[in-house]
Amino acid sequence: MLKTLALWVLGIFIFLQFVHIDIPEPPASIDPDKEIKAPPKIMAILKRSCYDCHSYETKMPWYGYISPVSLEVESHIKEGRKAVNFQEWEAYDEAKKERIYQGIAKTIRFRMPLPMYLMIHDEAKLTRQERETIAAWAKSHIKEEDQP
Ligand code: HEC
């Protein structure tokens, strides 16, 4: 009974490895001028805690390629880059930038970086102070009439 179960689990696991994962490749050339410009302190936090999902500089852990983890990782990277790509920043119009600054101010306390990601990425954890720093920076870019 237990053996049958184990075989099933193993079978499903092996089957899952054939599910094609498609981590989007970064473009052949990345225009450095398009990257967001922020004070060094902010850039350091963004790079450490956000770039895996919100830039082309994704550092993939080895288990990131193993299904079913890979499916989750793939969707985070795809959806994350779609929501904000800090290396495509200067291609966004002012309205979009402001929407993202608002999004950052709104999500930095709890939702971002994704809690599931933080469980396995100690280095990306932010202190309360760092979260406040990011929130203040984002808010400073939001027009007065749109302040939350
Ligand atoms: C593990 C991947 C991952 C990391 C790391 C991550 N994000 Fe995200 N982020 C996502 C995904 C996926 C979405 C789109 C789905 C959603 O909104 O939950 C998103 C959406 C967003 C949005 C748009 C949300 C909205 O409602 O407007 C903002 C802003 C954002 N992230 C900022 C950040 C910042 C700032 C950091 C770093 C402090 C960060 N993210 C780290 C995956 C990530």
# chains A, B, ... in the order shown; residues from 1 in each chain; ligands from 1
$ residues_near_ligand --ligand "ligand 1" --cutoff "8 Å" --atoms "only C-alpha atoms and all ligand atoms" --output "VMD selection string"
chain A and resid 45 to 54 73 75 to 84 99 to 108 111 to 118 124 126 131 134
$ write_last_selection --atoms "C-alpha atoms" --output "PDB file, in the first residue's frame"
ATOM      1  CA  ILE A  45      17.744  47.138  -1.550  1.00  0.00           C
ATOM      2  CA  LEU A  46      15.986  46.777  -4.890  1.00  0.00           C
ATOM      3  CA  LYS A  47      18.812  44.654  -6.263  1.00  0.00           C
ATOM      4  CA  ARG A  48      18.996  42.469  -3.215  1.00  0.00           C
ATOM      5  CA  SER A  49      15.275  41.924  -2.668  1.00  0.00           C
ATOM      6  CA  CYS A  50      13.403  42.673  -5.877  1.00  0.00           C
ATOM      7  CA  TYR A  51      15.623  42.032  -8.883  1.00  0.00           C
ATOM      8  CA  ASP A  52      15.121  38.274  -8.973  1.00  0.00           C
ATOM      9  CA  CYS A  53      11.542  38.868 -10.117  1.00  0.00           C
ATOM     10  CA  HIS A  54      11.535  42.475 -11.264  1.00  0.00           C
ATOM     11  CA  VAL A  73       9.325  30.256 -10.045  1.00  0.00           C
ATOM     12  CA  SER A  75       5.186  32.345 -12.952  1.00  0.00           C
ATOM     13  CA  HIS A  76       6.780  34.665 -10.368  1.00  0.00           C
ATOM     14  CA  ILE A  77       9.391  35.790 -12.831  1.00  0.00           C
ATOM     15  CA  LYS A  78       6.952  36.242 -15.692  1.00  0.00           C
ATOM     16  CA  GLU A  79       4.308  38.018 -13.647  1.00  0.00           C
ATOM     17  CA  GLY A  80       6.879  39.967 -11.679  1.00  0.00           C
ATOM     18  CA  ARG A  81       8.628  41.326 -14.769  1.00  0.00           C
ATOM     19  CA  LYS A  82       5.279  42.141 -16.305  1.00  0.00           C
ATOM     20  CA  ALA A  83       4.218  44.152 -13.245  1.00  0.00           C
ATOM     21  CA  VAL A  84       7.525  46.019 -12.888  1.00  0.00           C
ATOM     22  CA  ARG A  99       1.254  53.770 -10.575  1.00  0.00           C
ATOM     23  CA  ILE A 100       4.236  51.609  -9.735  1.00  0.00           C
ATOM     24  CA  TYR A 101       5.507  53.989  -7.050  1.00  0.00           C
ATOM     25  CA  GLN A 102       2.044  53.786  -5.528  1.00  0.00           C
ATOM     26  CA  GLY A 103       2.149  50.020  -5.836  1.00  0.00           C
ATOM     27  CA  ILE A 104       5.521  49.938  -4.079  1.00  0.00           C
ATOM     28  CA  ALA A 105       4.334  52.159  -1.236  1.00  0.00           C
ATOM     29  CA  LYS A 106       1.287  49.908  -0.886  1.00  0.00           C
ATOM     30  CA  THR A 107       2.963  46.504  -1.094  1.00  0.00           C
ATOM     31  CA  ILE A 108       6.341  47.011   0.577  1.00  0.00           C
ATOM     32  CA  ARG A 111       3.205  41.665   0.028  1.00  0.00           C
ATOM     33  CA  MET A 112       6.634  42.381  -1.448  1.00  0.00           C
ATOM     34  CA  PRO A 113       8.970  40.629  -1.672  1.00  0.00           C
ATOM     35  CA  LEU A 114       6.626  37.641  -1.911  1.00  0.00           C
ATOM     36  CA  PRO A 115       6.532  35.914   1.503  1.00  0.00           C
ATOM     37  CA  MET A 116       6.923  32.514  -0.139  1.00  0.00           C
ATOM     38  CA  TYR A 117      10.170  33.703  -1.707  1.00  0.00           C
ATOM     39  CA  LEU A 118      11.442  35.085   1.592  1.00  0.00           C
ATOM     40  CA  ALA A 124      16.321  39.243   0.549  1.00  0.00           C
ATOM     41  CA  LEU A 126      14.110  43.489   4.716  1.00  0.00           C
ATOM     42  CA  ARG A 131      10.855  48.831   4.302  1.00  0.00           C
ATOM     43  CA  ILE A 134      11.648  52.161   0.391  1.00  0.00           C
TER      44      ILE A 134
END
$ residues_around --residues "A:Ala38" --least-positions-apart "3" --cutoff "12 Å" --atoms "only C-alpha atoms" --output "PyMOL selection string"
chain A and resi 35+41-47+86+89+134+137-138+140-141
$ write_last_selection --atoms "N, CA, C and O atoms" --output "PDB file, in the first residue's frame"
ATOM      1  N   GLU A  35      17.536  51.472 -16.981  1.00  0.00           N
ATOM      2  CA  GLU A  35      17.408  51.043 -15.591  1.00  0.00           C
ATOM      3  C   GLU A  35      16.973  52.208 -14.701  1.00  0.00           C
ATOM      4  O   GLU A  35      17.329  53.359 -14.948  1.00  0.00           O
ATOM      5  N   LYS A  41      21.498  53.700  -1.769  1.00  0.00           N
ATOM      6  CA  LYS A  41      20.899  52.923  -0.682  1.00  0.00           C
ATOM      7  C   LYS A  41      19.638  52.185  -1.187  1.00  0.00           C
ATOM      8  O   LYS A  41      19.408  51.033  -0.847  1.00  0.00           O
ATOM      9  N   ILE A  42      18.857  52.882  -2.001  1.00  0.00           N
ATOM     10  CA  ILE A  42      17.633  52.292  -2.554  1.00  0.00           C
ATOM     11  C   ILE A  42      17.990  51.213  -3.578  1.00  0.00           C
ATOM     12  O   ILE A  42      17.441  50.104  -3.549  1.00  0.00           O
ATOM     13  N   MET A  43      18.925  51.539  -4.445  1.00  0.00           N
ATOM     14  CA  MET A  43      19.319  50.561  -5.469  1.00  0.00           C
ATOM     15  C   MET A  43      19.787  49.260  -4.833  1.00  0.00           C
ATOM     16  O   MET A  43      19.479  48.177  -5.310  1.00  0.00           O
ATOM     17  N   ALA A  44      20.542  49.396  -3.733  1.00  0.00           N
ATOM     18  CA  ALA A  44      21.064  48.197  -3.076  1.00  0.00           C
ATOM     19  C   ALA A  44      19.914  47.306  -2.594  1.00  0.00           C
ATOM     20  O   ALA A  44      19.960  46.084  -2.744  1.00  0.00           O
ATOM     21  N   ILE A  45      18.881  47.925  -2.051  1.00  0.00           N
ATOM     22  CA  ILE A  45      17.744  47.138  -1.550  1.00  0.00           C
ATOM     23  C   ILE A  45      16.984  46.519  -2.718  1.00  0.00           C
ATOM     24  O   ILE A  45      16.655  45.332  -2.702  1.00  0.00           O
ATOM     25  N   LEU A  46      16.729  47.311  -3.744  1.00  0.00           N
ATOM     26  CA  LEU A  46      15.986  46.777  -4.890  1.00  0.00           C
ATOM     27  C   LEU A  46      16.726  45.585  -5.494  1.00  0.00           C
ATOM     28  O   LEU A  46      16.133  44.548  -5.784  1.00  0.00           O
ATOM     29  N   LYS A  47      18.035  45.738  -5.645  1.00  0.00           N
ATOM     30  CA  LYS A  47      18.812  44.654  -6.263  1.00  0.00           C
ATOM     31  C   LYS A  47      18.825  43.412  -5.399  1.00  0.00           C
ATOM     32  O   LYS A  47      18.747  42.294  -5.884  1.00  0.00           O
ATOM     33  N   PHE A  86      12.520  46.768 -13.332  1.00  0.00           N
ATOM     34  CA  PHE A  86      13.334  47.940 -13.008  1.00  0.00           C
ATOM     35  C   PHE A  86      14.396  48.212 -14.072  1.00  0.00           C
ATOM     36  O   PHE A  86      14.979  49.285 -14.091  1.00  0.00           O
ATOM     37  N   TRP A  89      12.575  50.475 -16.820  1.00  0.00           N
ATOM     38  CA  TRP A  89      11.917  51.603 -16.168  1.00  0.00           C
ATOM     39  C   TRP A  89      11.735  52.824 -17.071  1.00  0.00           C
ATOM     40  O   TRP A  89      10.662  53.412 -17.151  1.00  0.00           O
ATOM     41  N   ILE A 134      12.204  52.363   1.731  1.00  0.00           N
ATOM     42  CA  ILE A 134      11.648  52.161   0.391  1.00  0.00           C
ATOM     43  C   ILE A 134      10.296  52.866   0.264  1.00  0.00           C
ATOM     44  O   ILE A 134      10.016  53.543  -0.733  1.00  0.00           O
ATOM     45  N   TRP A 137      10.821  56.593  -0.071  1.00  0.00           N
ATOM     46  CA  TRP A 137      11.357  56.908  -1.408  1.00  0.00           C
ATOM     47  C   TRP A 137      10.239  56.842  -2.455  1.00  0.00           C
ATOM     48  O   TRP A 137      10.100  57.756  -3.279  1.00  0.00           O
ATOM     49  N   ALA A 138       9.426  55.789  -2.407  1.00  0.00           N
ATOM     50  CA  ALA A 138       8.338  55.654  -3.390  1.00  0.00           C
ATOM     51  C   ALA A 138       7.357  56.812  -3.241  1.00  0.00           C
ATOM     52  O   ALA A 138       6.967  57.445  -4.224  1.00  0.00           O
ATOM     53  N   SER A 140       7.866  59.761  -2.158  1.00  0.00           N
ATOM     54  CA  SER A 140       8.416  61.046  -2.589  1.00  0.00           C
ATOM     55  C   SER A 140       8.245  61.241  -4.097  1.00  0.00           C
ATOM     56  O   SER A 140       8.433  62.335  -4.610  1.00  0.00           O
ATOM     57  N   HIS A 141       7.904  60.181  -4.823  1.00  0.00           N
ATOM     58  CA  HIS A 141       7.709  60.286  -6.271  1.00  0.00           C
ATOM     59  C   HIS A 141       6.234  60.328  -6.646  1.00  0.00           C
ATOM     60  O   HIS A 141       5.894  60.295  -7.822  1.00  0.00           O
TER      61      HIS A 141
END
$ atom_distance --atom1 "atom CA of A:Pro27" --atom2 "atom CA of A:Ser55"
11.3 Å
$ select_by_dssp --residues "stretch 95-147 of chain A" --states "helix (DSSP H, G or I)" --output "PyMOL selection string"
chain A and resi 95-107+115-118+122-124+128-139+144-146
$ residues_around --residues "A:Tyr56" --least-positions-apart "6" --cutoff "8 Å" --atoms "only C-alpha atoms" --output "short mmCIF file (atom, residue, chain, number, x, y, z; two decimals) with C-alpha atoms, in the first residue's frame"
data_model
loop_
_atom_site.label_atom_id
_atom_site.label_comp_id
_atom_site.auth_asym_id
_atom_site.auth_seq_id
_atom_site.Cartn_x
_atom_site.Cartn_y
_atom_site.Cartn_z
CA GLU A 25 15.45 34.63 -21.42
CA PRO A 26 16.63 38.20 -21.01
CA ARG A 81 8.63 41.33 -14.77
CA ASN A 85 10.85 45.57 -14.59
CA GLN A 87 15.58 47.49 -16.04
#
$ atom_distance --atom1 "atom CA of A:Gln147" --atom2 "atom CA of A:Phe110"
19.1 Å
$ closest_residue --among "A:Lys143, A:Glu98, A:Ile14, A:Lys3" --to "A:Ile66" --atoms "only C-alpha atoms"
A:Ile14
$ closest_residue --among "A:Ile23, A:Ser29, A:Leu2, A:Lys34" --to "A:Tyr92" --atoms "only C-alpha atoms"
A:Lys34
$ closest_residue --among "A:Trp8, A:Phe13, A:Tyr63, A:Phe18" --to "A:Ile120" --atoms "only C-alpha atoms"
A:Tyr63
$ decode --residues "stretch 109-122 of chain A" --atoms "all heavy atoms" --output "PDB file, in the first residue's frame"
ATOM      1  N   ARG A 109       5.173  46.772   2.712  1.00  0.00           N
ATOM      2  CA  ARG A 109       5.126  46.330   4.111  1.00  0.00           C
ATOM      3  C   ARG A 109       4.844  44.843   4.259  1.00  0.00           C
ATOM      4  O   ARG A 109       5.416  44.200   5.117  1.00  0.00           O
ATOM      5  CB  ARG A 109       4.125  47.156   4.902  1.00  0.00           C
ATOM      6  CG  ARG A 109       4.660  48.557   5.058  1.00  0.00           C
ATOM      7  CD  ARG A 109       4.084  49.336   6.199  1.00  0.00           C
ATOM      8  NE  ARG A 109       4.758  50.626   6.205  1.00  0.00           N
ATOM      9  CZ  ARG A 109       4.436  51.632   5.389  1.00  0.00           C
ATOM     10  NH1 ARG A 109       3.428  51.510   4.552  1.00  0.00           N
ATOM     11  NH2 ARG A 109       5.111  52.761   5.413  1.00  0.00           N
ATOM     12  N   PHE A 110       3.968  44.299   3.403  1.00  0.00           N
ATOM     13  CA  PHE A 110       3.617  42.889   3.582  1.00  0.00           C
ATOM     14  C   PHE A 110       3.771  42.035   2.332  1.00  0.00           C
ATOM     15  O   PHE A 110       4.300  40.940   2.386  1.00  0.00           O
ATOM     16  CB  PHE A 110       2.169  42.757   4.078  1.00  0.00           C
ATOM     17  CG  PHE A 110       1.932  43.451   5.365  1.00  0.00           C
ATOM     18  CD1 PHE A 110       1.175  44.618   5.413  1.00  0.00           C
ATOM     19  CD2 PHE A 110       2.484  42.970   6.542  1.00  0.00           C
ATOM     20  CE1 PHE A 110       0.963  45.276   6.602  1.00  0.00           C
ATOM     21  CE2 PHE A 110       2.284  43.629   7.740  1.00  0.00           C
ATOM     22  CZ  PHE A 110       1.515  44.787   7.775  1.00  0.00           C
ATOM     23  N   ARG A 111       3.298  42.560   1.194  1.00  0.00           N
ATOM     24  CA  ARG A 111       3.205  41.665   0.028  1.00  0.00           C
ATOM     25  C   ARG A 111       4.509  41.460  -0.712  1.00  0.00           C
ATOM     26  O   ARG A 111       4.720  40.428  -1.343  1.00  0.00           O
ATOM     27  CB  ARG A 111       2.138  42.194  -0.937  1.00  0.00           C
ATOM     28  CG  ARG A 111       0.781  41.547  -0.704  1.00  0.00           C
ATOM     29  CD  ARG A 111      -0.247  42.109  -1.662  1.00  0.00           C
ATOM     30  NE  ARG A 111       0.135  41.940  -3.044  1.00  0.00           N
ATOM     31  CZ  ARG A 111      -0.204  42.785  -4.022  1.00  0.00           C
ATOM     32  NH1 ARG A 111      -0.923  43.837  -3.746  1.00  0.00           N
ATOM     33  NH2 ARG A 111       0.154  42.555  -5.254  1.00  0.00           N
ATOM     34  N   MET A 112       5.394  42.479  -0.686  1.00  0.00           N
ATOM     35  CA  MET A 112       6.634  42.381  -1.448  1.00  0.00           C
ATOM     36  C   MET A 112       7.833  42.490  -0.515  1.00  0.00           C
ATOM     37  O   MET A 112       7.803  43.328   0.384  1.00  0.00           O
ATOM     38  CB  MET A 112       6.704  43.481  -2.508  1.00  0.00           C
ATOM     39  CG  MET A 112       5.724  43.295  -3.635  1.00  0.00           C
ATOM     40  SD  MET A 112       6.135  41.828  -4.597  1.00  0.00           S
ATOM     41  CE  MET A 112       4.503  41.278  -5.058  1.00  0.00           C
ATOM     42  N   PRO A 113       8.879  41.768  -0.754  1.00  0.00           N
ATOM     43  CA  PRO A 113       8.970  40.629  -1.672  1.00  0.00           C
ATOM     44  C   PRO A 113       8.002  39.519  -1.259  1.00  0.00           C
ATOM     45  O   PRO A 113       7.636  39.452  -0.078  1.00  0.00           O
ATOM     46  CB  PRO A 113      10.416  40.158  -1.497  1.00  0.00           C
ATOM     47  CG  PRO A 113      11.141  41.240  -0.783  1.00  0.00           C
ATOM     48  CD  PRO A 113      10.114  42.013  -0.029  1.00  0.00           C
ATOM     49  N   LEU A 114       7.600  38.692  -2.200  1.00  0.00           N
ATOM     50  CA  LEU A 114       6.626  37.641  -1.911  1.00  0.00           C
ATOM     51  C   LEU A 114       7.073  36.826  -0.696  1.00  0.00           C
ATOM     52  O   LEU A 114       8.205  36.357  -0.647  1.00  0.00           O
ATOM     53  CB  LEU A 114       6.494  36.698  -3.104  1.00  0.00           C
ATOM     54  CG  LEU A 114       5.892  37.254  -4.390  1.00  0.00           C
ATOM     55  CD1 LEU A 114       5.816  36.138  -5.435  1.00  0.00           C
ATOM     56  CD2 LEU A 114       4.519  37.846  -4.162  1.00  0.00           C
ATOM     57  N   PRO A 115       6.178  36.666   0.276  1.00  0.00           N
ATOM     58  CA  PRO A 115       6.532  35.914   1.503  1.00  0.00           C
ATOM     59  C   PRO A 115       7.050  34.506   1.203  1.00  0.00           C
ATOM     60  O   PRO A 115       7.983  34.028   1.861  1.00  0.00           O
ATOM     61  CB  PRO A 115       5.207  35.856   2.265  1.00  0.00           C
ATOM     62  CG  PRO A 115       4.417  37.033   1.762  1.00  0.00           C
ATOM     63  CD  PRO A 115       4.830  37.237   0.332  1.00  0.00           C
ATOM     64  N   MET A 116       6.488  33.874   0.178  1.00  0.00           N
ATOM     65  CA  MET A 116       6.923  32.514  -0.139  1.00  0.00           C
ATOM     66  C   MET A 116       8.405  32.507  -0.547  1.00  0.00           C
ATOM     67  O   MET A 116       9.168  31.614  -0.216  1.00  0.00           O
ATOM     68  CB  MET A 116       6.072  31.998  -1.293  1.00  0.00           C
ATOM     69  CG  MET A 116       6.181  30.515  -1.523  1.00  0.00           C
ATOM     70  SD  MET A 116       5.594  30.084  -3.158  1.00  0.00           S
ATOM     71  CE  MET A 116       3.842  30.250  -2.955  1.00  0.00           C
ATOM     72  N   TYR A 117       8.785  33.549  -1.249  1.00  0.00           N
ATOM     73  CA  TYR A 117      10.170  33.703  -1.707  1.00  0.00           C
ATOM     74  C   TYR A 117      11.097  33.952  -0.512  1.00  0.00           C
ATOM     75  O   TYR A 117      12.191  33.387  -0.425  1.00  0.00           O
ATOM     76  CB  TYR A 117      10.185  34.875  -2.691  1.00  0.00           C
ATOM     77  CG  TYR A 117      11.531  35.417  -3.110  1.00  0.00           C
ATOM     78  CD1 TYR A 117      12.242  34.828  -4.156  1.00  0.00           C
ATOM     79  CD2 TYR A 117      12.055  36.555  -2.512  1.00  0.00           C
ATOM     80  CE1 TYR A 117      13.453  35.360  -4.569  1.00  0.00           C
ATOM     81  CE2 TYR A 117      13.261  37.092  -2.929  1.00  0.00           C
ATOM     82  CZ  TYR A 117      13.959  36.480  -3.957  1.00  0.00           C
ATOM     83  OH  TYR A 117      15.155  37.016  -4.362  1.00  0.00           O
ATOM     84  N   LEU A 118      10.608  34.760   0.427  1.00  0.00           N
ATOM     85  CA  LEU A 118      11.442  35.085   1.592  1.00  0.00           C
ATOM     86  C   LEU A 118      11.729  33.868   2.455  1.00  0.00           C
ATOM     87  O   LEU A 118      12.745  33.809   3.133  1.00  0.00           O
ATOM     88  CB  LEU A 118      10.775  36.177   2.428  1.00  0.00           C
ATOM     89  CG  LEU A 118      10.776  37.561   1.783  1.00  0.00           C
ATOM     90  CD1 LEU A 118      10.098  38.570   2.691  1.00  0.00           C
ATOM     91  CD2 LEU A 118      12.197  38.014   1.453  1.00  0.00           C
ATOM     92  N   MET A 119      10.816  32.884   2.403  1.00  0.00           N
ATOM     93  CA  MET A 119      11.041  31.677   3.208  1.00  0.00           C
ATOM     94  C   MET A 119      12.343  30.995   2.825  1.00  0.00           C
ATOM     95  O   MET A 119      12.967  30.332   3.638  1.00  0.00           O
ATOM     96  CB  MET A 119       9.875  30.685   3.030  1.00  0.00           C
ATOM     97  CG  MET A 119       8.675  31.130   3.819  1.00  0.00           C
ATOM     98  SD  MET A 119       7.189  30.087   3.732  1.00  0.00           S
ATOM     99  CE  MET A 119       7.510  28.833   2.590  1.00  0.00           C
ATOM    100  N   ILE A 120      12.742  31.131   1.558  1.00  0.00           N
ATOM    101  CA  ILE A 120      13.976  30.460   1.131  1.00  0.00           C
ATOM    102  C   ILE A 120      15.065  31.443   0.691  1.00  0.00           C
ATOM    103  O   ILE A 120      16.090  31.039   0.178  1.00  0.00           O
ATOM    104  CB  ILE A 120      13.703  29.434   0.001  1.00  0.00           C
ATOM    105  CG1 ILE A 120      12.807  30.047  -1.057  1.00  0.00           C
ATOM    106  CG2 ILE A 120      13.102  28.157   0.559  1.00  0.00           C
ATOM    107  CD1 ILE A 120      12.568  29.140  -2.237  1.00  0.00           C
ATOM    108  N   HIS A 121      14.810  32.726   0.893  1.00  0.00           N
ATOM    109  CA  HIS A 121      15.829  33.716   0.519  1.00  0.00           C
ATOM    110  C   HIS A 121      16.086  34.666   1.679  1.00  0.00           C
ATOM    111  O   HIS A 121      15.616  35.804   1.682  1.00  0.00           O
ATOM    112  CB  HIS A 121      15.392  34.512  -0.712  1.00  0.00           C
ATOM    113  CG  HIS A 121      15.435  33.734  -1.980  1.00  0.00           C
ATOM    114  ND1 HIS A 121      16.534  33.696  -2.790  1.00  0.00           N
ATOM    115  CD2 HIS A 121      14.522  32.945  -2.559  1.00  0.00           C
ATOM    116  CE1 HIS A 121      16.296  32.917  -3.826  1.00  0.00           C
ATOM    117  NE2 HIS A 121      15.071  32.456  -3.713  1.00  0.00           N
ATOM    118  N   ASP A 122      16.878  34.197   2.623  1.00  0.00           N
ATOM    119  CA  ASP A 122      17.200  35.011   3.791  1.00  0.00           C
ATOM    120  C   ASP A 122      17.813  36.349   3.413  1.00  0.00           C
ATOM    121  O   ASP A 122      17.540  37.366   4.026  1.00  0.00           O
ATOM    122  CB  ASP A 122      18.204  34.256   4.674  1.00  0.00           C
ATOM    123  CG  ASP A 122      17.502  33.625   5.861  1.00  0.00           C
ATOM    124  OD1 ASP A 122      16.374  34.080   6.159  1.00  0.00           O
ATOM    125  OD2 ASP A 122      18.060  32.703   6.467  1.00  0.00           O
TER     126      ASP A 122
END
